[in-house]
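Next comes input_29.txt, a file with compact mmCIF, C-alpha atoms.
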# COMPACT_ATOMS: atom_id res chain seq x y z
CA MET A 1 0.00 0.00 0.00
CA TYR A 2 1.10 3.54 -0.76
CA LYS A 3 1.48 5.95 2.11
CA VAL A 4 -0.79 9.02 1.96
CA LEU A 5 1.27 12.15 2.47
CA THR A 6 0.21 14.72 5.01
CA LYS A 7 -0.27 18.38 4.00
CA GLU A 8 3.10 19.27 5.53
CA GLU A 9 4.82 16.46 3.62
CA MET A 10 3.12 17.55 0.38
CA LYS A 11 4.34 21.11 0.94
CA GLU A 12 7.90 19.83 1.43
CA VAL A 13 7.70 17.77 -1.78
CA GLU A 14 6.48 20.82 -3.71
CA LYS A 15 9.25 22.92 -2.20
CA ILE A 16 11.87 20.40 -3.38
CA LYS A 17 10.33 20.36 -6.88
CA ARG A 18 10.39 24.17 -7.12
CA GLU A 19 14.03 24.32 -5.99
CA LYS A 20 14.98 21.68 -8.55
CA GLU A 21 13.19 23.65 -11.27
CA ARG A 22 14.99 26.87 -10.25
CA ARG A 23 18.38 25.14 -10.41
CA ILE A 24 17.64 23.71 -13.86
CA LEU A 25 16.50 27.11 -15.16
CA ARG A 26 19.71 28.71 -13.88
CA LEU A 27 21.71 26.20 -15.92
CA TRP A 28 19.67 27.16 -18.99
CA GLY A 29 19.80 30.89 -18.32
CA GLY A 30 16.03 31.01 -17.95
CA ARG A 31 15.38 29.41 -21.36
CA ASN A 32 12.59 26.88 -21.86
CA TYR A 33 14.56 23.64 -21.53
CA LYS A 34 11.43 21.48 -21.67
CA GLU A 35 11.29 21.73 -25.46
CA TYR A 36 14.51 19.67 -25.46
CA MET A 37 13.29 17.00 -23.03
CA ASN A 38 13.24 14.39 -25.80
CA LEU A 39 17.00 14.89 -26.33
CA ILE A 40 17.69 15.08 -22.59
CA GLU A 41 15.84 11.79 -22.08
CA LYS A 42 17.88 10.11 -24.82
CA ARG A 43 21.03 11.45 -23.18
CA ARG A 44 19.91 10.00 -19.86
CA GLU A 45 19.48 6.57 -21.49
CA ILE A 46 22.89 6.56 -23.17
CA LEU A 47 24.68 7.78 -20.03
CA ASN A 48 22.86 5.16 -18.00
CA GLU A 49 24.25 2.50 -20.34
CA LEU A 50 27.79 3.78 -19.78
CA TYR A 51 27.13 3.90 -16.04
CA LEU A 52 26.16 0.22 -16.10
CA VAL A 53 29.49 -0.55 -17.78
CA TYR A 54 31.46 1.57 -15.31
CA PRO A 55 29.51 2.62 -12.18
CA GLU A 56 32.42 4.80 -11.03
CA MET A 57 32.11 7.11 -14.05
CA LEU A 58 32.13 10.83 -13.30
CA ILE A 59 30.24 13.53 -15.17
CA GLN A 60 30.27 17.31 -15.37
CA ALA A 61 27.39 19.65 -16.22
CA GLU A 62 27.87 22.69 -18.47
CA SER A 63 25.48 25.63 -18.29
CA ILE A 64 24.32 27.68 -21.29
CA ASN A 65 26.97 30.33 -20.50
CA GLY A 66 29.78 27.76 -20.69
CA LYS A 67 30.46 27.34 -16.98
CA ARG A 68 31.11 23.78 -15.84
CA THR A 69 30.31 22.23 -12.49
CA GLU A 70 32.70 20.04 -10.55
CA LEU A 71 32.73 16.33 -11.40
CA PHE A 72 29.97 14.29 -9.77
CA GLY A 73 28.52 10.77 -9.90
CA VAL A 74 25.65 9.77 -12.16
CA ASP A 75 22.28 10.61 -10.61
CA PRO A 76 19.32 11.04 -13.02
CA PHE A 77 17.43 13.02 -10.36
CA ASP A 78 20.19 15.59 -9.84
CA PRO A 79 19.14 18.97 -11.41
CA ARG A 80 22.59 19.18 -13.03
CA PHE A 81 21.66 16.12 -15.09
CA PHE A 82 19.26 18.38 -17.06
CA ALA A 83 21.99 20.86 -18.06
CA PRO A 84 22.43 21.87 -21.74
CA ALA A 85 25.55 19.69 -21.91
CA ILE A 86 26.99 16.80 -19.94
CA HIS A 87 30.67 15.90 -20.19
CA TYR A 88 31.96 12.61 -18.83
CA ARG A 89 35.36 11.14 -18.12
CA VAL A 90 36.27 8.71 -20.86
CA LEU A 91 35.72 5.16 -19.60
CA PRO A 92 38.81 3.01 -18.88
CA ASN A 93 37.98 0.72 -21.81
CA GLU A 94 36.67 3.37 -24.20
CA ILE A 95 38.34 4.68 -27.35
CA VAL A 96 37.35 8.12 -28.63
CA PHE A 97 38.52 9.68 -31.88
CA ASP A 98 38.16 13.45 -31.52
CA ILE A 99 38.48 14.81 -35.07
CA ASP A 100 39.27 18.51 -34.89
CA ILE A 101 38.52 19.51 -38.47
CA SER A 102 35.36 19.37 -40.58
CA ASP A 103 36.72 16.82 -43.05
CA LYS A 104 34.21 14.02 -43.50
CA CYS A 105 36.81 11.94 -45.39
CA ILE A 106 38.78 11.51 -42.14
CA LEU A 107 35.62 10.38 -40.35
CA GLU A 108 34.85 7.85 -43.11
CA LYS A 109 38.40 6.44 -43.13
CA ILE A 110 38.38 5.76 -39.38
CA VAL A 111 34.86 4.30 -39.49
CA ARG A 112 35.89 1.96 -42.35
CA GLU A 113 38.92 0.80 -40.38
CA LEU A 114 36.83 0.15 -37.27
CA ILE A 115 34.37 -1.89 -39.36
CA ARG A 116 37.37 -3.94 -40.57
CA PHE A 117 38.10 -4.59 -36.89
CA GLY A 118 34.55 -5.90 -36.51
CA VAL A 119 32.72 -3.00 -34.93
CA ASN A 120 30.33 -0.42 -36.37
CA PRO A 121 31.08 2.64 -34.24
CA ILE A 122 28.74 5.28 -32.90
CA TYR A 123 29.71 8.76 -34.07
CA GLY A 124 28.37 12.23 -34.65
CA GLU A 125 29.26 15.87 -35.17
CA SER A 126 30.99 17.29 -32.13
CA GLY A 127 28.62 20.24 -32.12
CA ASN A 128 31.34 22.53 -33.41
CA LYS A 129 33.26 21.74 -36.61
CA GLY A 130 34.58 18.21 -36.08
CA TYR A 131 33.41 14.70 -35.24
CA HIS A 132 33.53 12.29 -32.29
CA ILE A 133 33.76 8.52 -32.79
CA HIS A 134 33.16 6.23 -29.78
CA VAL A 135 33.64 2.50 -29.18
CA LEU A 136 33.96 0.37 -26.07
CA VAL A 137 36.64 -2.32 -26.00
CA THR A 138 36.53 -5.78 -24.51
CA VAL A 139 38.53 -8.99 -24.79
CA LYS A 140 37.08 -12.23 -26.07
CA GLY A 141 35.60 -14.11 -23.14
CA TYR A 142 35.09 -10.99 -20.98
CA SER A 143 32.24 -8.50 -20.77
CA PRO A 144 32.82 -4.74 -21.19
CA VAL A 145 31.95 -4.37 -17.48
CA GLU A 146 34.72 -6.79 -16.48
CA VAL A 147 37.28 -5.12 -18.77
CA ALA A 148 36.39 -1.63 -17.50
CA GLU A 149 36.93 -2.82 -13.93
CA ILE A 150 40.26 -4.53 -14.75
CA VAL A 151 41.64 -1.48 -16.61
CA SER A 152 40.50 0.96 -13.90
CA ARG A 153 42.28 -1.08 -11.22
CA ASN A 154 45.40 -1.55 -13.38
CA PRO A 155 46.16 1.78 -15.13
CA GLU A 156 49.02 0.24 -17.11
CA TYR A 157 46.39 -1.67 -19.11
CA ARG A 158 45.09 1.68 -20.39
CA GLU A 159 48.13 1.64 -22.66
CA ILE A 160 46.47 -1.19 -24.59
CA MET A 161 43.65 1.21 -25.48
CA ILE A 162 46.14 3.91 -26.51
CA VAL A 163 48.15 1.51 -28.72
CA LEU A 164 44.91 0.29 -30.32
CA PHE A 165 43.81 3.91 -30.87
CA GLU A 166 47.14 4.72 -32.57
CA LYS A 167 47.07 1.51 -34.61
CA ILE A 168 43.59 2.22 -36.01
CA GLN A 169 44.55 5.80 -36.77
CA LYS A 170 47.72 4.68 -38.57
CA LEU A 171 45.92 2.00 -40.58
CA SER A 172 43.32 4.61 -41.56
CA GLY A 173 46.10 6.56 -43.27
CA ILE A 174 45.34 9.90 -41.68
CA GLU A 175 47.75 12.46 -40.24
CA ASN A 176 48.29 12.56 -36.48
CA ASP A 177 47.34 16.22 -36.20
CA ALA A 178 43.85 15.53 -37.57
CA VAL A 179 42.84 13.70 -34.38
CA ASP A 180 43.21 15.05 -30.84
CA ASP A 181 44.82 12.24 -28.84
CA CYS A 182 44.55 14.17 -25.54
CA VAL A 183 41.09 12.71 -25.09
CA MET A 184 42.68 9.28 -24.59
CA ASN A 185 44.07 10.52 -21.28
CA HIS A 186 42.06 8.69 -18.60
CA THR A 187 41.28 11.97 -16.81
CA HIS A 188 39.96 13.72 -19.94
CA THR A 189 36.29 14.55 -20.34
CA ILE A 190 34.26 14.39 -23.56
CA ARG A 191 30.83 15.84 -24.39
CA SER A 192 28.19 13.11 -24.27
CA PHE A 193 25.77 12.43 -27.09
CA TYR A 194 22.57 14.49 -27.03
CA SER A 195 24.44 17.40 -25.45
CA LEU A 196 24.52 20.96 -26.70
CA ASN A 197 27.73 22.66 -27.78
CA VAL A 198 27.00 25.95 -26.01
CA LYS A 199 29.41 27.89 -28.26
CA GLY A 200 27.99 26.80 -31.59
CA LEU A 201 24.51 25.97 -30.20
CA LYS A 202 24.51 22.64 -32.03
CA TRP A 203 23.62 19.27 -30.51
CA LYS A 204 25.91 16.25 -30.61
CA ILE A 205 23.59 13.72 -32.24
CA PRO A 206 24.74 10.13 -32.94
CA ASN A 207 24.66 8.56 -36.39
CA SER A 208 22.00 6.06 -35.31
CA ASN A 209 19.25 5.74 -32.72
CA ASN A 210 20.89 2.68 -31.17
CA LYS A 211 20.84 2.90 -27.39
CA SER A 212 23.74 0.46 -27.11
CA TYR A 213 27.34 1.54 -27.43
CA PRO A 214 29.21 -0.58 -30.01
CA VAL A 215 31.82 -2.96 -28.59
CA LEU A 216 35.12 -3.85 -30.25
CA VAL A 217 36.14 -7.38 -29.23
CA LEU A 218 39.88 -8.00 -29.19
CA THR A 219 40.92 -11.46 -30.33
CA LYS A 220 43.85 -13.32 -28.76
CA SER A 221 46.00 -12.79 -31.86
CA LEU A 222 45.41 -9.03 -31.83
CA CYS A 223 46.11 -8.91 -28.08
CA LYS A 224 49.47 -10.59 -28.73
CA ILE A 225 50.37 -8.04 -31.42
CA ILE A 226 49.47 -5.16 -29.11
CA LYS A 227 51.37 -6.75 -26.22
CA SER A 228 54.51 -7.14 -28.34
CA GLU A 229 54.25 -3.50 -29.48
CA ILE A 230 53.97 -2.34 -25.86
CA GLU A 231 57.02 -4.44 -24.92
CA VAL A 232 59.01 -2.76 -27.71
CA MET A 233 57.83 0.66 -26.53
CA ASP A 234 58.81 -0.19 -22.94
CA MET A 235 62.28 -1.22 -24.07
CA GLU A 236 62.71 1.98 -26.11
CA ARG A 237 61.65 4.05 -23.09
CA LYS A 238 64.11 2.22 -20.86
CA ILE A 239 67.00 2.80 -23.26
CA GLU A 240 66.01 6.45 -23.73
CA LYS A 241 65.77 6.93 -19.98
CA GLU A 242 69.24 5.48 -19.42
CA ILE A 243 70.77 7.62 -22.18
CA MET A 244 69.03 10.82 -21.10
CA SER A 245 69.13 10.53 -17.30
CA GLU A 246 72.59 12.04 -16.75
CA THR A 247 72.12 14.73 -19.42
CA TYR A 248 68.68 15.58 -18.09
CA GLN A 249 69.92 15.88 -14.51
CA TYR A 250 72.76 18.15 -15.60
CA PHE A 251 70.51 20.57 -17.41
CA LYS A 252 67.81 20.34 -14.74
CA ASP A 253 70.32 21.54 -12.16
CA LYS A 254 71.76 24.18 -14.46
CA TYR A 255 68.50 25.59 -15.82
CA SER A 256 65.75 25.04 -13.23
CA LYS A 257 64.24 28.39 -14.26
CA VAL A 258 65.18 30.69 -17.12
CA LYS A 259 64.57 34.33 -16.27
CA TRP A 260 64.07 35.67 -19.79
CA ILE A 261 61.48 32.98 -20.61
CA GLU A 262 59.68 33.63 -17.33
CA ASP A 263 59.63 37.36 -18.20
CA VAL A 264 58.13 36.58 -21.62
CA LEU A 265 55.42 34.37 -20.08
CA ASN A 266 54.59 36.95 -17.41
CA ASN A 267 54.40 39.93 -19.80
CA PRO A 268 52.41 38.92 -22.91
CA GLU A 269 51.09 42.49 -23.30
CA LYS A 270 54.62 43.62 -24.20
CA ILE A 271 55.29 40.95 -26.85
CA ASN A 272 54.68 42.78 -30.13
CA ASP A 273 56.54 40.35 -32.38
CA GLY A 274 58.10 36.90 -32.36
CA ARG A 275 55.16 34.88 -31.02
CA ARG A 276 55.57 32.10 -33.60
CA ARG A 277 59.30 31.81 -32.96
CA LEU A 278 58.81 31.69 -29.20
CA ILE A 279 56.24 28.91 -29.55
CA LEU A 280 58.47 26.97 -31.93
CA ALA A 281 61.64 27.21 -29.89
CA VAL A 282 60.98 27.59 -26.17
CA LEU A 283 57.55 28.17 -24.60
CA PRO A 284 55.81 24.74 -24.85
CA GLN A 285 59.08 22.93 -24.07
CA TYR A 286 59.75 25.17 -21.09
CA LEU A 287 56.31 24.66 -19.55
CA ILE A 288 56.42 20.88 -19.96
CA PHE A 289 60.06 20.07 -19.18
CA ARG A 290 60.93 22.82 -16.68
CA ARG A 291 57.65 23.65 -14.99
CA LYS A 292 56.56 19.99 -15.24
CA LEU A 293 53.07 20.84 -16.47
CA SER A 294 50.72 18.47 -18.26
CA GLY A 295 49.91 18.97 -21.94
CA GLU A 296 46.46 20.35 -21.04
CA GLN A 297 47.91 22.82 -18.51
CA ALA A 298 50.56 24.03 -20.97
CA MET A 299 47.89 24.40 -23.68
CA GLU A 300 45.67 26.50 -21.40
CA ILE A 301 48.54 28.79 -20.35
CA LEU A 302 49.79 29.34 -23.91
CA LEU A 303 46.36 30.01 -25.39
CA ASN A 304 45.77 32.57 -22.65
CA TRP A 305 49.23 34.03 -23.29
CA VAL A 306 48.54 34.43 -27.02
CA SER A 307 45.16 36.07 -26.40
CA ARG A 308 46.78 38.66 -24.12
CA THR A 309 49.48 39.69 -26.61
CA PRO A 310 48.82 42.93 -28.56
CA ARG A 311 47.95 41.02 -31.74
CA GLY A 312 45.48 38.77 -29.90
CA ASP A 313 44.17 35.31 -30.69
CA ASP A 314 45.36 33.48 -33.80
CA ASN A 315 44.09 30.15 -35.25
CA TYR A 316 47.47 29.32 -36.76
CA LEU A 317 49.17 29.76 -33.39
CA ARG A 318 46.52 27.58 -31.76
CA HIS A 319 47.39 24.71 -34.11
CA LEU A 320 51.12 25.38 -33.69
CA ILE A 321 50.86 25.24 -29.89
CA LYS A 322 48.95 21.97 -30.05
CA SER A 323 51.48 20.49 -32.49
CA GLN A 324 54.50 21.54 -30.39
CA ILE A 325 53.00 20.18 -27.18
CA ARG A 326 52.29 16.89 -28.94
CA GLN A 327 55.91 16.74 -30.14
CA CYS A 328 57.11 17.25 -26.55
CA PHE A 329 55.53 13.90 -25.66
CA LEU A 330 56.28 12.08 -28.92
CA LYS A 331 59.91 13.24 -29.17
CA PRO A 332 60.94 14.44 -25.71
CA ASP A 333 64.68 14.10 -26.35
CA VAL A 334 64.50 16.24 -29.51
CA MET A 335 62.30 18.90 -27.93
CA GLN A 336 64.45 19.08 -24.80
CA GLY A 337 67.46 19.54 -27.06
CA VAL A 338 65.74 22.50 -28.76
CA LEU A 339 65.00 24.02 -25.36
CA ARG A 340 68.56 23.54 -24.15
CA LYS A 341 69.83 25.35 -27.24
CA TYR A 342 67.49 28.33 -27.17
CA ALA A 343 67.24 28.77 -23.40
CA ASN A 344 70.43 30.72 -24.10
CA TYR A 345 69.02 34.10 -25.08
CA GLU A 346 72.02 35.06 -27.23
CA ARG A 347 71.53 31.93 -29.35
CA PHE A 348 67.82 32.66 -29.65
CA THR A 349 68.37 36.23 -30.91
CA GLU A 350 71.19 35.13 -33.22
CA GLN A 351 69.07 32.37 -34.78
CA PHE A 352 65.81 34.30 -35.13
CA GLY A 353 67.09 37.84 -35.52
CA ILE A 354 64.74 39.42 -33.01
CA ASP A 355 65.24 41.04 -29.61
CA ILE A 356 62.22 39.87 -27.62
CA LEU A 357 63.36 41.55 -24.44
CA GLU A 358 63.64 44.98 -26.04
CA ASN A 359 60.28 46.10 -24.65
CA LEU A 360 60.35 44.14 -21.37
Output the file's structure in the form of structure tokens.
Amino acid sequence: MYKVLTKEEMKEVEKIKREKERRILRLWGGRNYKEYMNLIEKRREILNELYLVYPEMLIQAESINGKRTELFGVDPFDPRFFAPAIHYRVLPNEIVFDIDISDKCILEKIVRELIRFGVNPIYGESGNKGYHIHVLVTVKGYSPVEVAEIVSRNPEYREIMIVLFEKIQKLSGIENDAVDDCVMNHTHTIRSFYSLNVKGLKWKIPNSNNKSYPVLVLTKSLCKIIKSEIEVMDMERKIEKEIMSETYQYFKDKYSKVKWIEDVLNNPEKINDGRRRLILAVLPQYLIFRRKLSGEQAMEILLNWVSRTPRGDDNYLRHLIKSQIRQCFLKPDVMQGVLRKYANYERFTEQFGIDILENL
């Protein structure tokens, strides 16, 4: 039997409902969100499926003005769940191809390669100018739930997903810069399907109405190939570490901080020329190797730095920053060598023919 609520209890229920409604409206800036309830409901269903695969998944709500909440657990009754956009941390056994440019040929090449691997992926426009392709990964004989749990408890297994991501991208025959590999970082968030891109005011709609995420099943033979590739990578890292350790320590002690580079970073308003040369030769390398920042942190600082220079934001510099940060992780020895050379200001001015410090 259902309990009949008293008048006081009914008033409390109504109070809770009104507060929930107010919080949702704040996220939407007062707009009528109910006209999008069909999309929000579909989003709830697809996020619930991911939650069932990985109950520890974390999500983040984004309001219509672009502000994001802190990460929180999945709760369909939380007012934040009705936000214009929900971002979630990529699952431990999920592969996401974040295509940065509006080239449908790149999308088609990756989709064809995934179909060759035996999975028809779910994908859609990112809501801006690119595309997102999603697949879950499992191993033959295991469910996606079991694999997600194993990978989350053993972070080194995440490298299997990264190697598979790189292998598919390579076999697709597309350039590395066309796909943002930062999203494969286990702490990275991605906009969920049926979420609004609040900048472009476009929804991220999947290519099909399937409620189930596609699953790529790794065979034993493919697992062996990936395992051997990881072993080779581990050996290369070990050799590189041994070769570089003494050199790295020497330069770490000698150049813990470089005053002229710090001055450049702290005074973007006075940098009238030489932005491209600074980004090529010193700034990304300095932030990553000297300040020990992550790629995302270095990206945020440099984009802010560029926007505050007299000439302002620049799409070319955005791509250059992203490319140089990527190279810092792909070729750390080369990029550290470039930094060691041009941390010497005299060499920098001699090579590039510009006196950056003239106005500082």
(request) May I ask which of the residues A:Arg22, A:Lys140, A:Lys167, A:Arg191 is the closest one to Ile86 in chain A, counting only C-alpha atoms? (result)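 Among A:Arg22, A:Lys140, A:Lys167, A:Arg191, it is A:Arg191 that comes nearest to Ile86 in chain A.
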(message) Under the rule that all atoms listed in the file are counted, which of A:Lys204, A:Arg308, A:Arg277, A:Lys109 is the nearest residue to Lys170 in chain A?
(response)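 Result for the nearest residue to Lys170 in chain A: A:Lys109.
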(request) Could you check which of A:Leu357, A:Leu330, A:Leu201, A:Ile64 is closest to Glu262 in chain A, using only C-alpha atoms? (result)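 Residue with the minimum atom-to-atom distance to Glu262 in chain A: A:Leu357.
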(request) Report the distance between CA of Lys42 in chain A and CA of Trp203 in chain A in Å, rounded to one decimal place. (result)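 Answer for the CA of Lys42 in chain A to CA of Trp203 in chain A separation: 12.2 Å.
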(request) Just the residues within 7 Å of Asp180 in chain A, please, counting all atoms listed in the file, with nothing from its chain fewer than 6 positions along; format it as a list in words. (result)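 Listed by chain and then number, they are Asp98, Ile99 and Asp100 of chain A.
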(request) Give the answer as one residue: which of A:Asp78, A:Glu94, A:Glu12, A:Glu113 has the shortest atom-to-atom distance to Val183 in chain A, using all atoms listed in the file? (result) A:Glu94
(request) Determine, counting only C-alpha atoms, which protein, DNA and RNA residues have an atom within 6 Å of an atom of range 309-314 of chain A; residues of the same chain fewer than 2 positions away are not included. Present the result as a list in words. (result)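 Counting only C-alpha atoms, the residues come to Pro268, Glu269, Ile271, Val306, Ser307, Tyr316 and Leu317 of chain A.
Distance-wise, CA of Gly73 in chain A and CA of Ala148 in chain A end up 16.5 Å apart.
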(request) Pick out the residues sitting within 8 Å of Leu27 in chain A, and hand them over as a list of chain:residue names; count only C-alpha atoms, and ignore anything fewer than 6 positions along from it in its own chain. (result) A:Glu62, A:Ser63, A:Ile64, A:Arg80, A:Ala83, A:Pro84
(message) Here is a test: counting all atoms listed in the file, which residue of A:Asp177, A:Asp333, A:Glu296, A:Glu49 is nearest to His319 in chain A?
(response) A:Asp177
(request) Could you jot down the CA of Asp355 in chain A to CA of Ser294 in chain A separation for me, Å, one decimal place? (result)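 For CA of Asp355 in chain A relative to CA of Ser294 in chain A, the distance reads 29.1 Å.
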(message) So that I can see what lies close to range 50-52 of chain A, please list as a PyMOL selection string the residues with an atom at most 12 Å from it, counting all atoms listed in the file and leaving out residues fewer than 5 positions away in the same chain.
(response) chain A and resi 43-45+57-59+73-76+88-94+134-136+143-146+148-149+192-193+211-215
Shell of 6 Å around Ile133 in chain A, only C-alpha atoms, local chain residues under 2 positions omitted, as a CSV table (one decimal) with C-alpha atoms, in the coordinates of the input:
chain,number,residue,atom,x,y,z
A,96,VAL,CA,37.4,8.1,-28.6
A,97,PHE,CA,38.5,9.7,-31.9
A,122,ILE,CA,28.7,5.3,-32.9
A,123,TYR,CA,29.7,8.8,-34.1
Taking (35.3, 2.9, -42.0) in the coordinates of the supplied file, I want to know which residues reach to within 12 Å of it, counting all atoms listed in the file; could you give the answer as a PDB file with C-alpha atoms, keeping the file's coordinate frame?
ATOM      1  CA  LYS A 104      34.210  14.020 -43.500  1.00  0.00           C
ATOM      2  CA  CYS A 105      36.810  11.940 -45.390  1.00  0.00           C
ATOM      3  CA  ILE A 106      38.780  11.510 -42.140  1.00  0.00           C
ATOM      4  CA  LEU A 107      35.620  10.380 -40.350  1.00  0.00           C
ATOM      5  CA  GLU A 108      34.850   7.850 -43.110  1.00  0.00           C
ATOM      6  CA  LYS A 109      38.400   6.440 -43.130  1.00  0.00           C
ATOM      7  CA  ILE A 110      38.380   5.760 -39.380  1.00  0.00           C
ATOM      8  CA  VAL A 111      34.860   4.300 -39.490  1.00  0.00           C
ATOM      9  CA  ARG A 112      35.890   1.960 -42.350  1.00  0.00           C
ATOM     10  CA  GLU A 113      38.920   0.800 -40.380  1.00  0.00           C
ATOM     11  CA  LEU A 114      36.830   0.150 -37.270  1.00  0.00           C
ATOM     12  CA  ILE A 115      34.370  -1.890 -39.360  1.00  0.00           C
ATOM     13  CA  ARG A 116      37.370  -3.940 -40.570  1.00  0.00           C
ATOM     14  CA  PHE A 117      38.100  -4.590 -36.890  1.00  0.00           C
ATOM     15  CA  GLY A 118      34.550  -5.900 -36.510  1.00  0.00           C
ATOM     16  CA  VAL A 119      32.720  -3.000 -34.930  1.00  0.00           C
ATOM     17  CA  ASN A 120      30.330  -0.420 -36.370  1.00  0.00           C
ATOM     18  CA  PRO A 121      31.080   2.640 -34.240  1.00  0.00           C
ATOM     19  CA  ILE A 122      28.740   5.280 -32.900  1.00  0.00           C
ATOM     20  CA  TYR A 123      29.710   8.760 -34.070  1.00  0.00           C
ATOM     21  CA  ILE A 133      33.760   8.520 -32.790  1.00  0.00           C
ATOM     22  CA  ILE A 168      43.590   2.220 -36.010  1.00  0.00           C
ATOM     23  CA  GLN A 169      44.550   5.800 -36.770  1.00  0.00           C
ATOM     24  CA  LEU A 171      45.920   2.000 -40.580  1.00  0.00           C
ATOM     25  CA  SER A 172      43.320   4.610 -41.560  1.00  0.00           C
ATOM     26  CA  GLY A 173      46.100   6.560 -43.270  1.00  0.00           C
TER      27      GLY A 173
END
(request) Find the residue from A:Asn48, A:Thr219, A:Asn272, A:Asn176 that sits nearest to Tyr142 in chain A; use all atoms listed in the file when measuring. (result)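 Ranking A:Asn48, A:Thr219, A:Asn272, A:Asn176 by distance to Tyr142 in chain A, first place goes to A:Thr219.
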(request) Give as a PyMOL selection string every residue, naming chains and numbers as the document does, that has an atom within 6 Å of (38.6, -6.3, -28.6), counting all atoms listed in the file. (result) chain A and resi 137-139+216-219
